[in-house]
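A.B. asks: File coords-v1.txt below, compact mmCIF, C-alpha atoms:
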# COMPACT_ATOMS: atom_id res chain seq x y z
CA MET A 1 1.51 -8.21 19.61
CA SER A 2 3.85 -5.26 19.28
CA VAL A 3 4.27 -2.93 16.34
CA PHE A 4 7.51 -2.35 14.46
CA THR A 5 7.78 0.58 12.05
CA VAL A 6 10.33 1.36 9.37
CA GLU A 7 11.67 4.79 10.21
CA HIS A 8 11.35 7.52 7.60
CA GLY A 9 14.48 9.24 6.35
CA VAL A 10 17.02 6.66 7.56
CA ARG A 11 18.73 5.80 4.28
CA GLU A 12 20.07 2.43 5.32
CA VAL A 13 18.51 -0.96 5.82
CA PRO A 14 18.05 -1.61 9.56
CA GLN A 15 19.13 -4.91 11.01
CA GLY A 16 16.54 -7.62 11.59
CA LEU A 17 14.02 -6.67 8.90
CA PRO A 18 12.08 -9.54 7.28
CA THR A 19 13.86 -10.74 4.14
CA GLN A 20 10.63 -10.37 2.17
CA LEU A 21 10.75 -6.57 2.62
CA ALA A 22 12.50 -4.25 0.17
CA LEU A 23 13.17 -0.58 0.92
CA ALA A 24 13.35 2.15 -1.71
CA TRP A 25 14.53 5.75 -1.43
CA HIS A 26 14.76 6.39 -5.18
CA PRO A 27 12.44 5.43 -8.07
CA SER A 28 15.20 3.28 -9.55
CA ASP A 29 14.91 1.05 -6.45
CA LEU A 30 11.25 0.19 -7.12
CA SER A 31 12.20 -2.71 -9.40
CA GLN A 32 13.19 -4.68 -6.26
CA ILE A 33 9.54 -5.71 -5.91
CA GLU A 34 10.03 -7.96 -8.95
CA GLN A 35 12.48 -10.15 -7.02
CA PRO A 36 10.92 -13.55 -6.21
CA THR A 37 11.93 -13.33 -2.54
CA LYS A 38 10.13 -9.99 -2.00
CA ASN A 39 6.40 -9.52 -1.43
CA ILE A 40 6.41 -5.97 -0.02
CA LEU A 41 8.35 -2.84 -0.91
CA VAL A 42 8.23 0.40 1.10
CA TYR A 43 9.11 3.59 -0.79
CA PHE A 44 10.06 6.64 1.28
CA TRP A 45 8.07 9.31 -0.51
CA GLU A 46 8.56 12.88 0.70
CA PRO A 47 5.38 14.79 -0.17
CA SER A 48 5.88 18.36 -1.33
CA SER A 49 4.69 21.36 0.64
CA ARG A 50 2.36 22.05 -2.27
CA PHE A 51 0.61 18.71 -1.78
CA LEU A 52 0.50 19.02 2.02
CA LEU A 53 -1.07 22.48 1.78
CA ALA A 54 -3.66 21.33 -0.78
CA MET A 55 -4.54 18.33 1.39
CA ALA A 56 -4.85 20.45 4.53
CA GLU A 57 -7.17 22.86 2.71
CA ALA A 58 -9.33 20.00 1.39
CA LYS A 59 -9.50 18.41 4.83
CA LEU A 60 -10.56 21.68 6.42
CA ALA A 61 -13.22 22.18 3.74
CA GLY A 62 -14.41 18.57 4.00
CA THR A 63 -13.68 17.98 0.32
CA LEU A 64 -11.10 15.19 0.38
CA PRO A 65 -12.13 13.14 -2.67
CA GLU A 66 -13.40 9.57 -2.57
CA MET A 67 -13.74 7.19 -5.51
CA ARG A 68 -13.57 3.55 -6.55
CA GLU A 69 -13.37 2.88 -10.27
CA ARG A 70 -12.22 -0.01 -12.48
CA PHE A 71 -10.28 0.47 -15.70
CA SER A 72 -8.78 -1.49 -18.56
CA LEU A 73 -5.09 -1.06 -19.39
CA THR A 74 -5.99 1.65 -21.88
CA GLY A 75 -8.44 3.21 -19.44
CA ILE A 76 -5.94 3.47 -16.60
CA HIS A 77 -3.54 5.43 -18.78
CA GLU A 78 -6.40 7.72 -19.81
CA PHE A 79 -7.43 8.16 -16.17
CA PHE A 80 -4.04 9.39 -15.00
CA ALA A 81 -3.77 11.69 -18.05
CA ARG A 82 -6.93 13.58 -17.02
CA ASP A 83 -7.08 16.85 -15.12
CA HIS A 84 -8.13 15.93 -11.57
CA GLY A 85 -7.61 19.32 -10.00
CA PRO A 86 -4.61 20.62 -7.99
CA LEU A 87 -4.76 18.13 -5.11
CA LEU A 88 -4.93 14.89 -7.09
CA ASN A 89 -2.81 16.17 -9.97
CA THR A 90 -0.02 16.82 -7.47
CA LEU A 91 -0.52 13.46 -5.74
CA PHE A 92 -0.47 11.47 -8.96
CA SER A 93 2.51 13.42 -10.31
CA GLU A 94 4.60 12.80 -7.20
CA LEU A 95 3.65 9.12 -7.10
CA LYS A 96 4.10 8.58 -10.84
CA PRO A 97 7.13 6.23 -10.51
CA CYS A 98 5.13 4.00 -8.12
CA ILE A 99 2.02 4.16 -10.30
CA ASP A 100 4.07 3.27 -13.38
CA THR A 101 5.59 0.30 -11.54
CA VAL A 102 2.14 -1.12 -10.77
CA VAL A 103 0.84 -0.52 -14.29
CA GLU A 104 3.93 -1.78 -16.11
CA ALA A 105 5.34 -4.44 -13.77
CA GLY A 106 2.13 -5.70 -12.19
CA PHE A 107 1.16 -7.90 -15.16
CA GLY A 108 -2.29 -6.33 -15.02
CA LYS A 109 -5.06 -6.18 -17.59
CA HIS A 110 -7.51 -4.54 -15.21
CA PHE A 111 -6.98 -1.89 -12.54
CA GLN A 112 -8.90 -0.33 -9.69
CA VAL A 113 -8.29 3.16 -8.32
CA THR A 114 -9.52 3.82 -4.79
CA LEU A 115 -9.52 7.00 -2.75
CA ALA A 116 -11.15 6.29 0.59
CA ARG A 117 -11.94 7.94 3.91
CA PRO A 118 -12.83 4.85 5.96
CA ALA A 119 -14.77 5.58 9.11
CA ASP A 120 -13.84 2.25 10.68
CA ARG A 121 -11.45 -0.66 10.22
CA MET A 122 -11.96 -1.84 6.63
CA CYS A 123 -10.32 -5.27 6.94
CA PRO A 124 -9.58 -6.25 10.59
CA ILE A 125 -8.63 -9.84 9.72
CA PHE A 126 -5.18 -10.66 8.39
CA HIS A 127 -5.55 -11.85 4.80
CA VAL A 128 -3.98 -12.05 1.35
CA ASP A 129 -5.39 -10.43 -1.79
CA GLN A 130 -6.35 -12.22 -4.98
CA LEU A 131 -4.65 -9.68 -7.19
CA SER A 132 -1.26 -9.14 -8.77
CA LEU A 133 0.17 -5.96 -7.29
CA ARG A 134 -1.16 -3.20 -5.02
CA LEU A 135 0.06 0.31 -4.34
CA ILE A 136 -1.27 1.73 -1.09
CA VAL A 137 -0.34 4.93 0.71
CA THR A 138 -2.09 6.35 3.76
CA LEU A 139 -2.21 10.13 3.47
CA LEU A 140 -3.92 10.80 6.79
CA GLY A 141 -4.06 8.49 9.80
CA PRO A 142 -2.38 5.14 10.56
CA GLY A 143 -1.00 2.90 7.82
CA THR A 144 -1.41 -0.72 6.78
CA GLU A 145 -0.33 -3.51 9.15
CA TRP A 146 1.38 -6.65 7.84
CA LEU A 147 3.14 -9.83 8.94
CA ALA A 148 6.40 -11.51 8.07
CA ASN A 149 5.97 -14.84 6.29
CA SER A 150 7.47 -16.61 9.31
CA ASP A 151 4.73 -15.21 11.58
CA VAL A 152 1.83 -16.69 9.59
CA HIS A 153 -0.03 -20.02 9.53
CA ARG A 154 -1.23 -19.70 5.93
CA ASN A 155 -3.51 -22.73 6.08
CA HIS A 156 -5.72 -20.81 8.54
CA LEU A 157 -5.97 -17.59 6.52
CA GLY A 158 -9.40 -16.58 5.33
CA LYS A 159 -11.25 -18.43 8.08
CA GLY A 160 -12.53 -15.37 9.92
CA SER A 161 -10.09 -15.19 12.82
CA ASN A 162 -6.57 -13.97 13.54
CA ARG A 163 -6.13 -16.37 16.45
CA LYS A 164 -5.09 -19.39 14.41
CA SER A 165 -3.52 -17.67 11.41
CA VAL A 166 -1.04 -15.54 13.41
CA ARG A 167 1.78 -17.31 15.22
CA GLU A 168 2.14 -16.72 18.95
CA GLY A 169 4.52 -13.85 19.63
CA ALA A 170 4.22 -12.49 16.09
CA LEU A 171 5.54 -8.98 15.49
CA VAL A 172 3.01 -6.83 13.66
CA GLN A 173 4.74 -4.56 11.16
CA GLN A 174 3.21 -1.23 10.10
CA VAL A 175 3.71 1.08 7.15
CA LYS A 176 3.76 4.69 8.31
CA THR A 177 1.83 7.64 6.91
CA PHE A 178 3.23 8.80 3.52
CA GLN A 179 5.28 5.63 3.09
CA VAL A 180 4.19 4.06 -0.19
CA ALA A 181 3.81 0.28 -0.04
CA LEU A 182 3.82 -2.08 -3.02
CA LEU A 183 2.22 -5.37 -2.01
CA LYS A 184 2.31 -8.59 -3.99
CA GLY A 185 -0.89 -10.60 -4.05
CA GLU A 186 -1.51 -14.27 -4.74
CA VAL A 187 -1.91 -13.69 -8.48
CA TYR A 188 1.48 -12.08 -9.09
CA PRO A 189 3.40 -14.52 -11.33
CA GLY A 190 5.28 -17.06 -9.23
CA ASN A 191 3.87 -15.72 -5.97
CA HIS A 192 1.03 -18.16 -5.27
CA GLY A 193 1.09 -19.07 -1.59
CA ARG A 194 3.30 -16.05 -0.80
CA GLY A 195 0.94 -13.08 -1.07
CA LEU A 196 1.59 -10.46 1.58
CA VAL A 197 -0.48 -11.05 4.72
CA HIS A 198 -1.91 -7.73 5.88
CA ARG A 199 -4.89 -5.91 7.40
CA SER A 200 -6.27 -2.41 7.97
CA PRO A 201 -5.01 -0.58 11.07
CA GLU A 202 -7.10 0.24 14.09
CA PRO A 203 -8.74 3.67 13.84
CA ASP A 204 -6.89 6.58 15.41
CA THR A 205 -7.78 6.74 19.09
CA GLY A 206 -8.29 10.47 18.73
CA GLY A 207 -10.95 9.88 16.12
CA ASP A 208 -8.96 11.69 13.41
CA LEU A 209 -9.72 11.11 9.74
CA ARG A 210 -7.95 8.42 7.70
CA TRP A 211 -7.53 9.04 3.96
CA LEU A 212 -5.77 6.66 1.58
CA PHE A 213 -4.95 6.12 -2.07
CA ARG A 214 -4.83 2.62 -3.54
CA LEU A 215 -4.11 1.26 -7.02
CA ASP A 216 -4.74 -2.45 -7.65
CA SER A 217 -3.56 -4.50 -10.61
CA PHE A 218 -5.51 -7.60 -11.70
CA ARG A 219 -4.47 -10.11 -14.34
Can you turn what I pasted into structure tokens?

C.D. replies:
Amino acid sequence: MSVFTVEHGVREVPQGLPTQLALAWHPSDLSQIEQPTKNILVYFWEPSSRFLLAMAEAKLAGTLPEMRERFSLTGIHEFFARDHGPLLNTLFSELKPCIDTVVEAGFGKHFQVTLARPADRMCPIFHVDQLSLRLIVTLLGPGTEWLANSDVHRNHLGKGSNRKSVREGALVQQVKTFQVALLKGEVYPGNHGRGLVHRSPEPDTGGDLRWLFRLDSFR
């Protein structure tokens, strides 16, 4: 398998991209994820120098936050209204359009917020998620890998192996660091049987830290 990446900063849709992929350079473009033919959207977020400095300081101090919490619809609004300190306040403020899209357009009644520093590959097997909509952005390290619908044998998904579920010659796509991905799961209305097939990336060969933010919407 080879890896294809969507280049950051090129404000045009490259030729040959899977039709299921939508690209967004402006918050007004995020609504493309609602189109029935799309199951992944990549938003080209440009983190501020303020956020990058705060993240570098937290990494150096070994204080990059981790959490995994579930919330109701009311609770998720209350969560993002809290004071989380300079690092997370800046992150959540800059990602607010993406967060709002998941909360408002994800048909969710329950939500999970995850900040993780995985030491190894969290999900090495290609799979779909039983949720409505996911926001995921890798802030340090390699990003999420995914497959075009045409490269998948869906009847073999979830059986513990990539060998039968991935078509021969499949091109593994990868979301790059700081690119925000919105992924449709199996539970998104009208998307059963078309959830995005994805997996965690291999750890950095240099052993560098991976840190990610994820917001999941459940019906």

A.B. asks: Which residues, written as a list of chain:residue names, have at least one atom at most 8 Å from region 106-116 of chain A, with only C-alpha atoms counted and residues fewer than 5 positions away on the same chain left out?

C.D. replies: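 Contacts, in chain order: A:Pro65, A:Glu66, A:Met67, A:Arg68, A:Glu69, A:Arg70, A:Phe71, A:Ser72, A:Leu73, A:Ile76, A:Thr101, A:Ser132, A:Leu133, A:Tyr188, A:Pro189, A:Trp211, A:Leu212, A:Phe213, A:Arg214, A:Leu215, A:Asp216, A:Ser217, A:Phe218, A:Arg219.
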
A.B. asks: Could you please give me, as a ChimeraX atom specification, the residues of protein, DNA or RNA lying at most 7 Å from (7.3, 3.5, 4.2) in the coordinate frame of the file, considering all atoms listed in the file?

C.D. replies: /A:6,8,42-44,175-176,178-181

A.B. asks: Nearest to Leu135 (chain A): which of A:Gly62, A:Leu41, A:Arg82, A:Arg167 is it, counting only C-alpha atoms?

C.D. replies: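 The answer is A:Leu41, which sits nearest to Leu135 (chain A).
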
A.B. asks: Which one of A:Thr74, A:Gln20, A:Gln130, A:Ser49 sits closest to Trp146 (chain A) if you count all atoms listed in the file?

C.D. replies: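 The shortest atom-to-atom distance to Trp146 (chain A) comes from A:Gln20.
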
A.B. asks: Write out as a ChimeraX atom specification which residues come within 9 Å of Pro47 (chain A) when counting all atoms listed in the file, dropping same-chain ones fewer than 2 positions away.

C.D. replies: /A:45,49-52,91,94,178

A.B. asks: Could you write out that same residue set with C-alpha atoms as a PDB file, in the frame of the given file?

C.D. replies:
ATOM      1  CA  TRP A  45       8.070   9.310  -0.510  1.00  0.00           C
ATOM      2  CA  SER A  49       4.690  21.360   0.640  1.00  0.00           C
ATOM      3  CA  ARG A  50       2.360  22.050  -2.270  1.00  0.00           C
ATOM      4  CA  PHE A  51       0.610  18.710  -1.780  1.00  0.00           C
ATOM      5  CA  LEU A  52       0.500  19.020   2.020  1.00  0.00           C
ATOM      6  CA  LEU A  91      -0.520  13.460  -5.740  1.00  0.00           C
ATOM      7  CA  GLU A  94       4.600  12.800  -7.200  1.00  0.00           C
ATOM      8  CA  PHE A 178       3.230   8.800   3.520  1.00  0.00           C
TER       9      PHE A 178
END

A.B. asks: Which one of A:Val102, A:Ala22, A:Leu139, A:Val166 sits closest to Lys59 (chain A) if you count only C-alpha atoms?

C.D. replies: A:Leu139
